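Note: the block below is model26.cif and it holds mmCIF, C-alpha atoms and all ligand atoms.
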```
data_query
loop_
_atom_site.group_PDB
_atom_site.id
_atom_site.type_symbol
_atom_site.label_atom_id
_atom_site.label_comp_id
_atom_site.auth_asym_id
_atom_site.auth_seq_id
_atom_site.Cartn_x
_atom_site.Cartn_y
_atom_site.Cartn_z
ATOM 1 C CA MET A 24 5.695 -10.395 20.052
ATOM 2 C CA TYR A 25 1.976 -9.635 19.635
ATOM 3 C CA SER A 26 -0.023 -8.831 16.550
ATOM 4 C CA VAL A 27 -2.633 -6.130 17.214
ATOM 5 C CA LYS A 28 -5.206 -5.397 14.524
ATOM 6 C CA MET A 29 -8.131 -2.999 14.214
ATOM 7 C CA ARG A 30 -10.928 -2.964 11.700
ATOM 8 C CA ALA A 31 -13.708 -0.366 11.599
ATOM 9 C CA SER A 32 -16.839 -0.637 9.501
ATOM 10 C CA ARG A 33 -20.195 0.932 8.868
ATOM 11 C CA LYS A 34 -23.482 -0.731 8.025
ATOM 12 C CA THR A 35 -24.918 0.123 4.663
ATOM 13 C CA LYS A 36 -28.469 -1.166 4.031
ATOM 14 C CA GLU A 37 -29.976 -3.751 6.433
ATOM 15 C CA ASP A 38 -29.146 -6.808 4.342
ATOM 16 C CA GLU A 39 -25.810 -5.685 2.896
ATOM 17 C CA LYS A 40 -22.344 -6.466 4.202
ATOM 18 C CA PRO A 41 -20.813 -3.747 6.415
ATOM 19 C CA GLN A 42 -18.594 -1.326 4.516
ATOM 20 C CA HIS A 43 -14.919 -1.258 5.490
ATOM 21 C CA VAL A 44 -13.911 2.217 6.736
ATOM 22 C CA SER A 45 -10.460 1.844 8.206
ATOM 23 C CA GLY A 46 -7.938 -0.688 9.429
ATOM 24 C CA ALA A 47 -4.555 -0.746 11.112
ATOM 25 C CA GLU A 48 -2.092 -3.252 12.465
ATOM 26 C CA ARG A 49 1.041 -3.325 14.585
ATOM 27 C CA LEU A 50 3.580 -5.815 15.870
ATOM 28 C CA ILE A 51 4.059 -5.046 19.562
ATOM 29 C CA PRO A 52 7.075 -6.521 21.386
ATOM 30 C CA SER A 53 5.497 -6.842 24.883
ATOM 31 C CA THR A 54 2.090 -6.687 26.606
ATOM 32 C CA GLY A 55 2.800 -3.200 28.038
ATOM 33 C CA GLY A 56 2.788 -1.722 24.553
ATOM 34 C CA ILE A 57 -0.655 -3.106 23.748
ATOM 35 C CA TYR A 58 -2.690 -0.521 25.737
ATOM 36 C CA PRO A 59 -1.300 2.631 24.056
ATOM 37 C CA CYS A 60 -1.533 0.890 20.705
ATOM 38 C CA LEU A 61 -5.252 0.129 21.214
ATOM 39 C CA LYS A 62 -5.928 3.747 22.131
ATOM 40 C CA LEU A 63 -4.199 5.092 19.014
ATOM 41 C CA MET A 64 -6.096 2.642 16.841
ATOM 42 C CA LEU A 65 -9.422 3.542 18.432
ATOM 43 C CA ASP A 66 -8.752 7.265 17.909
ATOM 44 C CA ARG A 67 -8.026 6.544 14.278
ATOM 45 C CA ALA A 68 -11.199 4.474 13.830
ATOM 46 C CA LEU A 69 -13.448 7.081 15.481
ATOM 47 C CA ASN A 70 -12.004 10.062 13.614
ATOM 48 C CA HIS A 71 -11.821 8.836 10.048
ATOM 49 C CA SER A 72 -12.456 11.200 7.174
ATOM 50 C CA LEU A 73 -14.824 8.608 5.648
ATOM 51 C CA GLY A 74 -17.206 9.427 8.512
ATOM 52 C CA PRO A 75 -18.660 7.715 11.597
ATOM 53 C CA VAL A 76 -18.369 3.961 12.074
ATOM 54 C CA ASP A 77 -20.827 1.419 13.547
ATOM 55 C CA ALA A 78 -18.339 -1.234 14.619
ATOM 56 C CA VAL A 79 -14.691 -1.364 15.643
ATOM 57 C CA ASN A 80 -13.123 -4.820 16.000
ATOM 58 C CA PHE A 81 -9.770 -5.494 17.621
ATOM 59 C CA SER A 82 -7.729 -8.665 17.678
ATOM 60 C CA ILE A 83 -4.640 -9.418 19.751
ATOM 61 C CA ASN A 84 -2.630 -12.552 19.024
ATOM 62 C CA LYS A 85 0.698 -13.774 20.306
ATOM 63 C CA ILE A 86 3.030 -14.579 17.425
ATOM 64 C CA ASP A 87 4.649 -17.982 17.639
ATOM 65 C CA THR A 88 6.036 -18.141 14.111
ATOM 66 C CA GLU A 89 9.325 -16.825 12.764
ATOM 67 C CA ILE A 90 9.620 -13.060 12.199
ATOM 68 C CA ASN A 91 11.294 -12.043 8.940
ATOM 69 C CA VAL A 92 13.256 -8.840 9.333
ATOM 70 C CA ILE A 93 13.970 -6.799 6.209
ATOM 71 C CA LYS A 94 15.136 -3.345 5.169
ATOM 72 C CA SER A 95 12.481 -1.098 3.659
ATOM 73 C CA LEU A 96 12.472 -0.165 0.006
ATOM 74 C CA PRO A 97 14.358 3.056 -0.779
ATOM 75 C CA ILE A 98 12.068 6.081 -0.788
ATOM 76 C CA VAL A 99 11.664 8.644 -3.544
ATOM 77 C CA THR A 100 9.275 11.608 -3.282
ATOM 78 C CA VAL A 101 7.833 13.168 -6.411
ATOM 79 C CA LYS A 102 5.979 16.486 -6.346
ATOM 80 C CA VAL A 103 3.430 17.183 -9.050
ATOM 81 C CA THR A 104 0.775 19.862 -9.281
ATOM 82 C CA ASN A 105 -2.225 17.798 -10.393
ATOM 83 C CA LYS A 106 -3.497 14.263 -11.010
ATOM 84 C CA GLN A 107 -2.649 14.298 -14.732
ATOM 85 C CA GLU A 108 1.012 14.854 -13.888
ATOM 86 C CA GLY A 109 0.895 12.255 -11.099
ATOM 87 C CA LEU A 110 -0.663 9.606 -13.326
ATOM 88 C CA HIS A 111 1.858 10.429 -16.044
ATOM 89 C CA ILE A 112 4.780 9.803 -13.668
ATOM 90 C CA ALA A 113 3.172 6.539 -12.478
ATOM 91 C CA LYS A 114 2.806 5.493 -16.118
ATOM 92 C CA ILE A 115 6.487 6.237 -16.845
ATOM 93 C CA ILE A 116 7.576 4.099 -13.885
ATOM 94 C CA LEU A 117 5.318 1.188 -14.855
ATOM 95 C CA GLU A 118 6.489 1.359 -18.479
ATOM 96 C CA GLU A 119 10.114 1.283 -17.306
ATOM 97 C CA LEU A 120 9.203 -1.894 -15.416
ATOM 98 C CA ASN A 121 7.992 -3.390 -18.721
ATOM 99 C CA ILE A 122 4.276 -3.299 -18.001
ATOM 100 C CA ASN A 123 2.469 -2.723 -21.258
ATOM 101 C CA GLN A 124 0.450 0.395 -21.980
ATOM 102 C CA GLU A 125 -2.869 -1.419 -22.304
ATOM 103 C CA VAL A 126 -2.461 -2.975 -18.829
ATOM 104 C CA ILE A 127 -1.431 0.370 -17.335
ATOM 105 C CA LYS A 128 -4.506 2.049 -18.801
ATOM 106 C CA LYS A 129 -6.826 -0.675 -17.514
ATOM 107 C CA SER A 130 -5.226 -0.572 -14.045
ATOM 108 C CA MET A 131 -5.544 3.179 -13.740
ATOM 109 C CA ASN A 132 -9.168 2.913 -14.664
ATOM 110 C CA TRP A 133 -9.781 0.326 -11.916
ATOM 111 C CA LEU A 134 -8.181 2.655 -9.405
ATOM 112 C CA ALA A 135 -10.314 5.565 -10.607
ATOM 113 C CA VAL A 136 -13.672 3.764 -10.376
ATOM 114 C CA GLY A 137 -12.900 1.117 -7.700
ATOM 115 C CA GLY A 138 -11.652 -2.376 -8.541
ATOM 116 C CA ALA A 139 -14.658 -4.411 -7.337
ATOM 117 C CA PRO A 140 -17.342 -5.403 -9.874
ATOM 118 C CA GLY A 141 -19.875 -2.577 -10.131
ATOM 119 C CA GLY A 142 -17.233 0.021 -9.273
ATOM 120 C CA TYR A 143 -16.645 -0.157 -5.516
ATOM 121 C CA ASN A 144 -13.514 0.086 -3.410
ATOM 122 C CA MET A 145 -12.035 -3.228 -2.374
ATOM 123 C CA ARG A 146 -10.811 -4.151 1.081
ATOM 124 C CA GLY A 147 -7.666 -5.711 -0.343
ATOM 125 C CA ALA A 148 -5.567 -5.486 -3.485
ATOM 126 C CA MET A 149 -6.051 -6.662 -7.053
ATOM 127 C CA LEU A 150 -3.487 -9.174 -8.293
ATOM 128 C CA PHE A 151 -2.643 -8.774 -11.953
ATOM 129 C CA ASP A 152 -0.637 -11.412 -13.840
ATOM 130 C CA ILE A 153 1.262 -9.650 -16.639
ATOM 131 C CA TYR A 154 1.976 -12.993 -18.358
ATOM 132 C CA THR A 155 -1.682 -14.000 -18.861
ATOM 133 C CA SER A 156 -2.953 -10.395 -18.710
ATOM 134 C CA ARG A 157 -5.580 -11.423 -16.156
ATOM 135 C CA ARG A 158 -6.575 -10.581 -12.627
ATOM 136 C CA VAL A 159 -5.907 -13.589 -10.419
ATOM 137 C CA GLU A 160 -7.289 -12.708 -6.985
ATOM 138 C CA ASP A 161 -9.828 -15.350 -5.818
ATOM 139 C CA ASP A 162 -12.314 -12.774 -4.630
ATOM 140 C CA PRO A 163 -12.773 -9.880 -7.095
ATOM 141 C CA PHE A 164 -14.880 -7.997 -4.515
ATOM 142 C CA GLY A 165 -12.459 -8.254 -1.606
ATOM 143 C CA GLY A 166 -9.098 -8.796 -3.298
ATOM 144 C CA VAL A 167 -6.075 -10.039 -1.376
ATOM 145 C CA ARG A 168 -5.188 -8.414 1.872
ATOM 146 C CA ALA A 169 -1.621 -8.193 3.117
ATOM 147 C CA THR A 170 -1.354 -8.530 6.882
ATOM 148 C CA ASN A 171 1.212 -9.255 9.600
ATOM 149 C CA PHE A 172 3.738 -6.504 8.979
ATOM 150 C CA ASP A 173 5.158 -3.543 10.872
ATOM 151 C CA MET A 174 8.364 -1.604 11.458
ATOM 152 C CA THR A 175 10.534 -1.384 14.572
ATOM 153 C CA GLU A 176 10.440 1.775 16.703
ATOM 154 C CA ALA A 177 14.040 2.543 15.712
ATOM 155 C CA SER A 178 13.209 2.389 11.999
ATOM 156 C CA GLU A 179 10.118 4.513 12.502
ATOM 157 C CA LYS A 180 12.307 7.130 14.190
ATOM 158 C CA LYS A 181 14.839 7.002 11.357
ATOM 159 C CA LEU A 182 12.088 7.273 8.754
ATOM 160 C CA SER A 183 10.487 10.296 10.409
ATOM 161 C CA GLU A 184 13.860 12.020 10.813
ATOM 162 C CA GLU A 185 14.823 11.436 7.196
ATOM 163 C CA LEU A 186 11.458 12.459 5.764
ATOM 164 C CA ASN A 187 11.170 15.480 8.049
ATOM 165 C CA LYS A 188 14.401 16.772 6.504
ATOM 166 C CA ILE A 189 12.520 17.113 3.215
ATOM 167 C CA GLY A 190 9.251 18.116 4.917
ATOM 168 C CA ALA A 191 7.524 14.938 3.869
ATOM 169 C CA TYR A 192 6.746 12.739 6.911
ATOM 170 C CA ASN A 193 3.282 11.454 7.745
ATOM 171 C CA SER A 194 1.993 8.288 9.391
ATOM 172 C CA ARG A 195 0.247 7.247 6.183
ATOM 173 C CA THR A 196 3.660 6.950 4.517
ATOM 174 C CA ARG A 197 4.977 4.869 7.379
ATOM 175 C CA ASP A 198 2.175 2.326 7.038
ATOM 176 C CA ALA A 199 2.221 2.270 3.246
ATOM 177 C CA LEU A 200 6.008 1.847 3.100
ATOM 178 C CA VAL A 201 5.889 -1.244 5.316
ATOM 179 C CA LEU A 202 3.035 -2.717 3.299
ATOM 180 C CA ALA A 203 4.782 -2.026 -0.012
ATOM 181 C CA THR A 204 8.059 -3.473 1.292
ATOM 182 C CA LYS A 205 6.313 -6.712 2.235
ATOM 183 C CA VAL A 206 4.313 -6.843 -1.012
ATOM 184 C CA CYS A 207 7.393 -6.414 -3.245
ATOM 185 C CA ASN A 208 9.676 -8.776 -1.326
ATOM 186 C CA PHE A 209 8.711 -11.995 -3.121
ATOM 187 C CA PRO A 210 10.003 -13.637 -6.328
ATOM 188 C CA GLY A 211 8.164 -12.570 -9.482
ATOM 189 C CA ILE A 212 6.539 -9.421 -8.065
ATOM 190 C CA ILE A 213 7.069 -6.545 -10.466
ATOM 191 C CA ALA A 214 5.359 -3.580 -8.822
ATOM 192 C CA GLU A 215 2.530 -2.317 -6.670
ATOM 193 C CA LEU A 216 0.440 0.658 -7.756
ATOM 194 C CA CYS A 217 -1.600 2.428 -5.079
ATOM 195 C CA CYS A 218 -4.013 5.310 -5.023
ATOM 196 C CA ALA A 219 -5.681 6.213 -1.700
ATOM 197 C CA ASP A 220 -9.457 5.817 -1.517
ATOM 198 C CA ASP A 221 -9.669 8.396 1.253
ATOM 199 C CA PRO A 222 -11.374 11.558 -0.115
ATOM 200 C CA SER A 223 -9.166 13.764 2.071
ATOM 201 C CA TYR A 224 -5.945 12.457 0.502
ATOM 202 C CA SER A 225 -5.190 12.389 -3.208
ATOM 203 C CA GLY A 226 -1.723 10.795 -3.163
ATOM 204 C CA GLY A 227 -0.452 7.387 -4.121
ATOM 205 C CA TYR A 228 2.693 5.504 -5.068
ATOM 206 C CA VAL A 229 4.381 2.983 -7.309
ATOM 207 C CA ALA A 230 6.598 0.525 -5.426
ATOM 208 C CA SER A 231 9.005 -2.034 -6.830
ATOM 209 C CA LYS A 232 12.206 -3.799 -5.785
ATOM 210 C CA GLN A 233 13.902 -2.322 -8.844
ATOM 211 C CA ARG A 234 12.918 1.324 -8.329
ATOM 212 C CA GLY A 235 11.937 1.591 -4.680
ATOM 213 C CA TYR A 236 8.904 3.228 -3.139
ATOM 214 C CA ILE A 237 8.047 6.248 -5.285
ATOM 215 C CA ARG A 238 5.485 8.511 -3.633
ATOM 216 C CA ILE A 239 3.429 10.836 -5.768
ATOM 217 C CA ASN A 240 1.451 13.589 -4.053
ATOM 218 C CA HIS A 241 -1.489 13.713 -6.513
ATOM 219 C CA MET A 242 -2.983 10.735 -8.307
ATOM 220 C CA LYS A 243 -6.693 11.631 -8.252
ATOM 221 C CA SER A 244 -8.986 14.635 -7.904
ATOM 222 C CA PRO A 245 -9.487 16.096 -4.433
ATOM 223 C CA ASP A 246 -12.614 14.652 -2.711
ATOM 224 C CA HIS A 247 -12.732 11.597 -4.982
ATOM 225 C CA ASN A 248 -13.584 8.558 -2.849
ATOM 226 C CA ARG A 249 -12.366 5.701 -5.059
ATOM 227 C CA GLY A 250 -8.908 4.156 -5.098
ATOM 228 C CA GLY A 251 -7.159 0.855 -4.540
ATOM 229 C CA ARG A 252 -4.038 -1.222 -4.914
ATOM 230 C CA ILE A 253 -2.842 -3.413 -7.775
ATOM 231 C CA ILE A 254 0.022 -5.850 -7.451
ATOM 232 C CA PHE A 255 1.608 -6.760 -10.792
ATOM 233 C CA LEU A 256 3.200 -10.195 -10.889
ATOM 234 C CA ASP A 257 4.693 -12.487 -13.512
ATOM 235 C CA SER A 258 3.309 -16.013 -13.070
ATOM 236 C CA ARG A 259 6.362 -17.464 -14.856
ATOM 237 C CA LYS A 260 8.441 -16.398 -11.868
ATOM 238 C CA CYS A 261 5.848 -16.124 -9.075
ATOM 239 C CA ASN A 262 3.964 -19.027 -7.496
ATOM 240 C CA ILE A 263 0.615 -17.287 -7.013
ATOM 241 C CA GLU A 264 -0.751 -19.603 -4.308
ATOM 242 C CA GLN A 265 2.465 -19.309 -2.284
ATOM 243 C CA TYR A 266 2.369 -15.554 -2.740
ATOM 244 C CA LYS A 267 -1.191 -15.284 -1.389
ATOM 245 C CA HIS A 268 -0.113 -17.380 1.590
ATOM 246 C CA TYR A 269 2.939 -15.157 2.097
ATOM 247 C CA LEU A 270 0.872 -11.938 1.998
ATOM 248 C CA LYS A 271 -1.484 -13.246 4.637
ATOM 249 C CA ASN A 272 0.679 -15.316 6.947
ATOM 250 C CA THR A 273 4.375 -14.467 6.824
ATOM 251 C CA VAL A 274 5.288 -12.027 9.574
ATOM 252 C CA VAL A 275 7.501 -9.237 8.227
ATOM 253 C CA GLN A 276 9.136 -6.564 10.334
ATOM 254 C CA VAL A 277 11.040 -3.684 8.735
ATOM 255 C CA ASN A 278 14.160 -3.139 10.871
ATOM 256 C CA ASP A 279 15.983 -0.564 8.732
ATOM 257 C CA ILE A 280 15.083 2.131 6.210
ATOM 258 C CA GLY A 281 16.359 2.231 2.635
ATOM 259 C CA ASN A 282 17.903 5.381 1.188
ATOM 260 C CA VAL A 283 15.656 8.466 1.271
ATOM 261 C CA SER A 284 16.151 10.574 -1.859
ATOM 262 C CA ARG A 285 15.464 14.247 -2.333
ATOM 263 C CA VAL A 286 12.162 15.570 -3.676
ATOM 264 C CA TYR A 287 11.856 15.367 -7.469
ATOM 265 C CA LEU A 288 9.652 17.671 -9.497
ATOM 266 C CA TYR A 289 7.422 16.551 -12.343
ATOM 267 C CA GLU A 290 9.532 18.348 -14.966
ATOM 268 C CA GLU A 291 12.654 16.462 -13.897
ATOM 269 C CA LEU A 292 11.133 13.054 -14.490
ATOM 270 C CA THR A 293 9.117 13.388 -17.666
ATOM 271 C CA ASN A 294 11.968 11.994 -19.771
ATOM 272 C CA GLY A 295 12.349 8.904 -17.581
ATOM 273 C CA LEU A 296 13.267 8.199 -14.016
ATOM 274 C CA MET A 297 17.048 8.409 -14.231
ATOM 275 C CA GLU A 298 18.828 7.475 -11.000
ATOM 276 C CA THR A 299 16.173 8.432 -8.483
ATOM 277 C CA ALA A 300 16.415 5.577 -5.976
ATOM 278 C CA GLU A 301 19.715 4.357 -4.566
ATOM 279 C CA ASN A 302 19.760 1.696 -1.889
HETATM 280 P P1 LIG B 1 -5.626 3.303 1.703
HETATM 281 O O1 LIG B 1 -4.176 3.395 1.363
HETATM 282 O O2 LIG B 1 -5.861 2.869 3.119
HETATM 283 O O3 LIG B 1 -6.420 4.502 1.261
HETATM 284 O O4 LIG B 1 -6.160 2.069 0.867
HETATM 285 C C1 LIG B 1 -6.359 2.130 -0.512
HETATM 286 C C2 LIG B 1 -6.806 0.773 -0.994
HETATM 287 O O5 LIG B 1 -5.758 -0.164 -0.829
HETATM 288 C C3 LIG B 1 -7.998 0.160 -0.263
HETATM 289 O O6 LIG B 1 -9.197 0.580 -0.855
HETATM 290 C C4 LIG B 1 -7.781 -1.312 -0.485
HETATM 291 O O7 LIG B 1 -8.304 -1.661 -1.763
HETATM 292 C C5 LIG B 1 -6.283 -1.449 -0.551
HETATM 293 N N1 LIG B 1 -5.696 -1.914 0.717
HETATM 294 C C6 LIG B 1 -5.722 -1.255 1.907
HETATM 295 N N2 LIG B 1 -5.095 -1.966 2.851
HETATM 296 C C7 LIG B 1 -4.639 -3.105 2.243
HETATM 297 C C8 LIG B 1 -3.918 -4.252 2.684
HETATM 298 N N3 LIG B 1 -3.538 -4.393 3.950
HETATM 299 N N4 LIG B 1 -3.639 -5.223 1.780
HETATM 300 C C9 LIG B 1 -4.032 -5.086 0.492
HETATM 301 N N5 LIG B 1 -4.714 -4.035 0.023
HETATM 302 C C10 LIG B 1 -5.030 -3.058 0.876
#
```

As structure tokens, the full file:
Amino acid sequence: MYSVKMRASRKTKEDEKPQHVSGAERLIPSTGGIYPCLKLMLDRALNHSLGPVDAVNFSINKIDTEINVIKSLPIVTVKVTNKQEGLHIAKIILEELNINQEVIKKSMNWLAVGGAPGGYNMRGAMLFDIYTSRRVEDDPFGGVRATNFDMTEASEKKLSEELNKIGAYNSRTRDALVLATKVCNFPGIIAELCCADDPSYSGGYVASKQRGYIRINHMKSPDHNRGGRIIFLDSRKCNIEQYKHYLKNTVVQVNDIGNVSRVYLYEELTNGLMETAEN
């Protein structure tokens, strides 16, 4: 098995760090699969809606460690008509997961302005400890980045078939589902909240082991270029250092897809989530 990663960036001012534009990663079973994978990644880097890039870096590494195979979170799709409705649904889910209103408000604000000090997008995710009510990522500018995850070809096929039935497949969902499945699969992780930073896409999701991966089609205004990810954890149940190590180093491969529910409308969920996700 090989890990193939791509990272594309653009220089800002002479003396500033390059700005991250896009990234992708795959687990490829044999060397033959590496060439087509590199081409797809390069196409993605050179045609990003955030504009032209100055550098594209690839890495290819053979994986010698154990590969953890897991089933993806169940998938729920929610259709709303604007960001107010989308944020309201996200708030309902987070409240049902016992995250307090003050924390939810603060988190949504970070996603709206960018989680890095000064209001910039981060390369990784914020880590929020609900027990101490503090952010615990070591680097508040970069956050923590989850890597070393992918899904098998068979699960990708199943996912696209299932989501196509409800007219809701796209490659963004594929990548985000794998990431969210890895992120939530650790003791003491309560949820992950995500809003895309890509100005051409206004969707996001709330993922949790309890409720599954709940996709929401609008979570910000069209053309807005700030977003991010926040992972909510409870430090009474989660060893934070081990979790950071897990996010970075443990290789996770999704080998089956959880239940795919029908599309829910905003009006159906405003009184609570009911039984949306079944595994
Ligand atoms: P995207 O879903 O690619 O629009 O990314 C939205 C935000 O999620 C980015 O601005 C990052 O803050 C964060 N993010 C993207 N990829 C990762 C990752 N692999 N691990 C942790 N956070 C990430």

- Quick one: which residues end up in the PyMOL selection byres (((chain A and resi 126) around 10) and not hetatm) for this structure, as a list in words? Leu117, Glu118, Ile122, Asn123, Gln124, Glu125, Ile127, Lys128, Lys129, Ser130, Met131, Asn132, Phe151, Asp152, Ile153, Ser156, Arg157 and Phe255 of chain A

- Item | Point (-14.7, 2.3, -10.4), cut-off 12 Å, counting all atoms listed in the file, residues as a PyMOL selection string | chain A and resi 129-145+164+220+247-251

- Check which residues satisfy the PyMOL selection byres (((not hetatm)) within 7 of (chain B and resi 1)) in the file shown, then give them as an NGL selection string. :A and (45 or 144-148 or 167-170 or 199 or 202 or 217-221 or 250-252)

- Task: Give as a list of chain:residue names the residues that the PyMOL selection byres (((chain A and resi 225) around 6) and not hetatm) matches when applied to the coordinates above.
- Result: A:Tyr224, A:Gly226, A:His241, A:Met242, A:Lys243, A:Pro245

- Message: Calculated over only C-alpha atoms, which of the candidates A:Lys106, A:Lys85, A:Arg49, A:Lys271 has the smallest distance to Ser244 (chain A)?
- Response: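 So, comparing all the options, the nearest one is A:Lys106.
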
- Which protein, DNA or RNA residues have an atom at most 10 Å from (5.7, 17.3, -7.3), counting only C-alpha atoms? List them as a PyMOL selection string. chain A and resi 100-105+108-109+112+238-241+286-292

- Residue with the minimum atom-to-atom distance to Leu296 (chain A), picked from A:Gln107, A:Asn193, A:Gln233, A:Asn262 with only C-alpha atoms counted, is A:Gln233

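If you look at CA of Pro41 (chain A) and CA of Leu65 (chain A), they are 18.1 Å away from each other.
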
- Looking at all atoms listed in the file, which of A:Ile280, A:Val275, A:Leu216, A:Ile253 is the one that sits closest to Lys180 (chain A)?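 Smallest separation from Lys180 (chain A) among the options: A:Ile280.
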
- Task: Determine the nearest neighbour of Ile86 (chain A) from the options A:Leu182, A:Ile51, A:Ile189, A:Val283, counting all atoms listed in the file.
- Result: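 So, comparing all the options, the nearest one is A:Ile51.
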
- Task: Quick one: everything within 12 Å of Asn208 (chain A), counting only C-alpha atoms, minus sequence neighbours fewer than 2 positions away in the same chain. Send it as a count of residues only.
- Result: 33

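Nearest to Thr54 (chain A) of all the residues A:Asn171, A:Ile83, A:Asp246, A:Leu69 is A:Ile83, counting all atoms listed in the file.
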
What would region 262-268 of chain A look like with all heavy atoms in place, written as a tab-separated table (two decimals), in the coordinates of the input?
```tsv
chain	number	residue	atom	x	y	z
A	262	ASN	N	4.96	-18.01	-7.81
A	262	ASN	CA	3.96	-19.03	-7.50
A	262	ASN	C	2.81	-18.31	-6.80
A	262	ASN	O	2.92	-17.87	-5.65
A	262	ASN	CB	4.59	-20.09	-6.59
A	262	ASN	CG	3.58	-21.16	-6.21
A	262	ASN	OD1	2.43	-20.87	-5.91
A	262	ASN	ND2	4.03	-22.40	-6.24
A	263	ILE	N	1.69	-18.16	-7.49
A	263	ILE	CA	0.62	-17.29	-7.01
A	263	ILE	C	0.02	-17.78	-5.69
A	263	ILE	O	-0.24	-16.97	-4.78
A	263	ILE	CB	-0.47	-17.12	-8.10
A	263	ILE	CG1	0.14	-16.45	-9.34
A	263	ILE	CG2	-1.65	-16.29	-7.59
A	263	ILE	CD1	-0.77	-16.38	-10.55
A	264	GLU	N	-0.18	-19.09	-5.56
A	264	GLU	CA	-0.75	-19.60	-4.31
A	264	GLU	C	0.19	-19.35	-3.13
A	264	GLU	O	-0.23	-18.93	-2.05
A	264	GLU	CB	-1.08	-21.10	-4.42
A	264	GLU	CG	-2.28	-21.40	-5.30
A	264	GLU	CD	-3.48	-20.47	-5.04
A	264	GLU	OE1	-3.89	-20.33	-3.89
A	264	GLU	OE2	-3.99	-19.85	-6.01
A	265	GLN	N	1.50	-19.57	-3.38
A	265	GLN	CA	2.46	-19.31	-2.28
A	265	GLN	C	2.51	-17.82	-1.96
A	265	GLN	O	2.68	-17.42	-0.81
A	265	GLN	CB	3.86	-19.78	-2.70
A	265	GLN	CG	4.03	-21.28	-2.56
A	265	GLN	CD	5.39	-21.75	-3.05
A	265	GLN	OE1	6.31	-20.96	-3.30
A	265	GLN	NE2	5.53	-23.06	-3.20
A	266	TYR	N	2.34	-17.00	-2.98
A	266	TYR	CA	2.37	-15.55	-2.74
A	266	TYR	C	1.17	-15.12	-1.89
A	266	TYR	O	1.33	-14.33	-0.94
A	266	TYR	CB	2.40	-14.79	-4.07
A	266	TYR	CG	2.51	-13.29	-3.88
A	266	TYR	CD1	3.55	-12.74	-3.14
A	266	TYR	CD2	1.56	-12.42	-4.41
A	266	TYR	CE1	3.66	-11.37	-2.94
A	266	TYR	CE2	1.66	-11.04	-4.22
A	266	TYR	CZ	2.72	-10.53	-3.48
A	266	TYR	OH	2.82	-9.18	-3.27
A	267	LYS	N	0.00	-15.64	-2.18
A	267	LYS	CA	-1.19	-15.28	-1.39
A	267	LYS	C	-0.98	-15.71	0.07
A	267	LYS	O	-1.34	-14.99	1.00
A	267	LYS	CB	-2.43	-15.98	-1.95
A	267	LYS	CG	-2.90	-15.41	-3.27
A	267	LYS	CD	-4.09	-16.21	-3.76
A	267	LYS	CE	-4.42	-15.91	-5.20
A	267	LYS	NZ	-5.24	-16.96	-5.82
A	268	HIS	N	-0.39	-16.89	0.24
A	268	HIS	CA	-0.11	-17.38	1.59
A	268	HIS	C	0.89	-16.45	2.28
A	268	HIS	O	0.71	-16.08	3.45
A	268	HIS	CB	0.42	-18.82	1.51
A	268	HIS	CG	0.61	-19.44	2.86
A	268	HIS	ND1	1.79	-19.35	3.57
A	268	HIS	CD2	-0.25	-20.11	3.66
A	268	HIS	CE1	1.65	-19.95	4.73
A	268	HIS	NE2	0.43	-20.42	4.82
```
